[in-house]
Amino acid sequence: MLGYSLAFSAGATAATWALVSPRFAGSLALGALLEAVNFRALFGYWRGALLGGGRLGFAAFGSFGLRFLVLGALIWASLALGAHPVGLLIGLSLVVPAVLIAAWRARPAPSAGAPALDPEDPSWDAWNPWLAREREPADDKDES
């Protein structure tokens, strides 16, 4: 996942250096660095908490909140020192497509033998796709 984030960050920084300005590119790179360190800390925290290798307690949750305070202080300091706000925001946001692509690539393979309803099955009419559950009788009255 961090490899995707690094690739997106490097590509975006190079493109903005050439197309926008060096200040914008530097702010984007700084935002990408901040998000990489922040995400690495978040990943380590939850890996330890969920897999049992870390500590759970007030100190652990305090360090979780402390991460936000440090990130906020670094963002404030960056803006105070002249970082471009939009470049910083884009750099901080580049982790999102990287996480989505990494999750998509790590999904389980679809099973060809999985049971499926026939498209003409009447039970499809009882399903509410907006709520991802079966329709309640009150829902049927609202539609008519």
# chains A, B, ... in the order shown; residues from 1 in each chain; ligands from 1
$ select_by_dssp --residues "chain A" --states "strand (DSSP E or B)" --output "list in words"
Trp127, Asn128, Arg133 and Glu134 of chain A
$ write_last_selection --atoms "C-alpha atoms" --output "short mmCIF file (atom, residue, chain, number, x, y, z; two decimals), in the first residue's frame"
data_model
loop_
_atom_site.label_atom_id
_atom_site.label_comp_id
_atom_site.auth_asym_id
_atom_site.auth_seq_id
_atom_site.Cartn_x
_atom_site.Cartn_y
_atom_site.Cartn_z
CA TRP A 127 -35.16 -6.89 -1.55
CA ASN A 128 -34.46 -3.21 -0.92
CA ARG A 133 -32.04 -5.78 3.36
CA GLU A 134 -35.49 -7.17 2.74
#
$ residues_around --residues "range 26-41 of chain A" --least-positions-apart "6" --cutoff "9 Å" --atoms "only C-alpha atoms" --output "ChimeraX atom specification"
/A:2,5-6,9-10,12-13,16-17,64,67-68,71,74-75,78,82-95
$ residues_around --residues "Met1 in chain A" --least-positions-apart "5" --cutoff "7 Å" --atoms "only C-alpha atoms" --output "PyMOL selection string"
chain A and resi 98-99+102
$ write_last_selection --atoms "N, CA and C atoms" --output "PDB file, in the first residue's frame"
ATOM      1  N   ALA A  98      -4.456   5.127  -2.896  1.00  0.00           N
ATOM      2  CA  ALA A  98      -3.531   4.018  -2.664  1.00  0.00           C
ATOM      3  C   ALA A  98      -4.186   2.935  -1.807  1.00  0.00           C
ATOM      4  N   VAL A  99      -4.917   3.329  -0.783  1.00  0.00           N
ATOM      5  CA  VAL A  99      -5.614   2.356   0.065  1.00  0.00           C
ATOM      6  C   VAL A  99      -6.697   1.641  -0.731  1.00  0.00           C
ATOM      7  N   ALA A 102      -5.013  -0.845  -3.137  1.00  0.00           N
ATOM      8  CA  ALA A 102      -4.446  -1.977  -2.393  1.00  0.00           C
ATOM      9  C   ALA A 102      -5.542  -2.899  -1.875  1.00  0.00           C
TER      10      ALA A 102
END
$ select_by_dssp --residues "chain A" --states "helix (DSSP H, G or I)" --output "number ranges by chain"
A: 2-19, 22-51, 58-80, 85-93, 95-105, 122-126, 137-143
$ atom_distance --atom1 "CA of Ala73 in chain A" --atom2 "CA of Ala15 in chain A"
27.8 Å
$ atom_distance --atom1 "CA of Phe8 in chain A" --atom2 "CA of Arg105 in chain A"
16.3 Å
$ atom_distance --atom1 "CA of Glu120 in chain A" --atom2 "CA of Pro108 in chain A"
27.5 Å
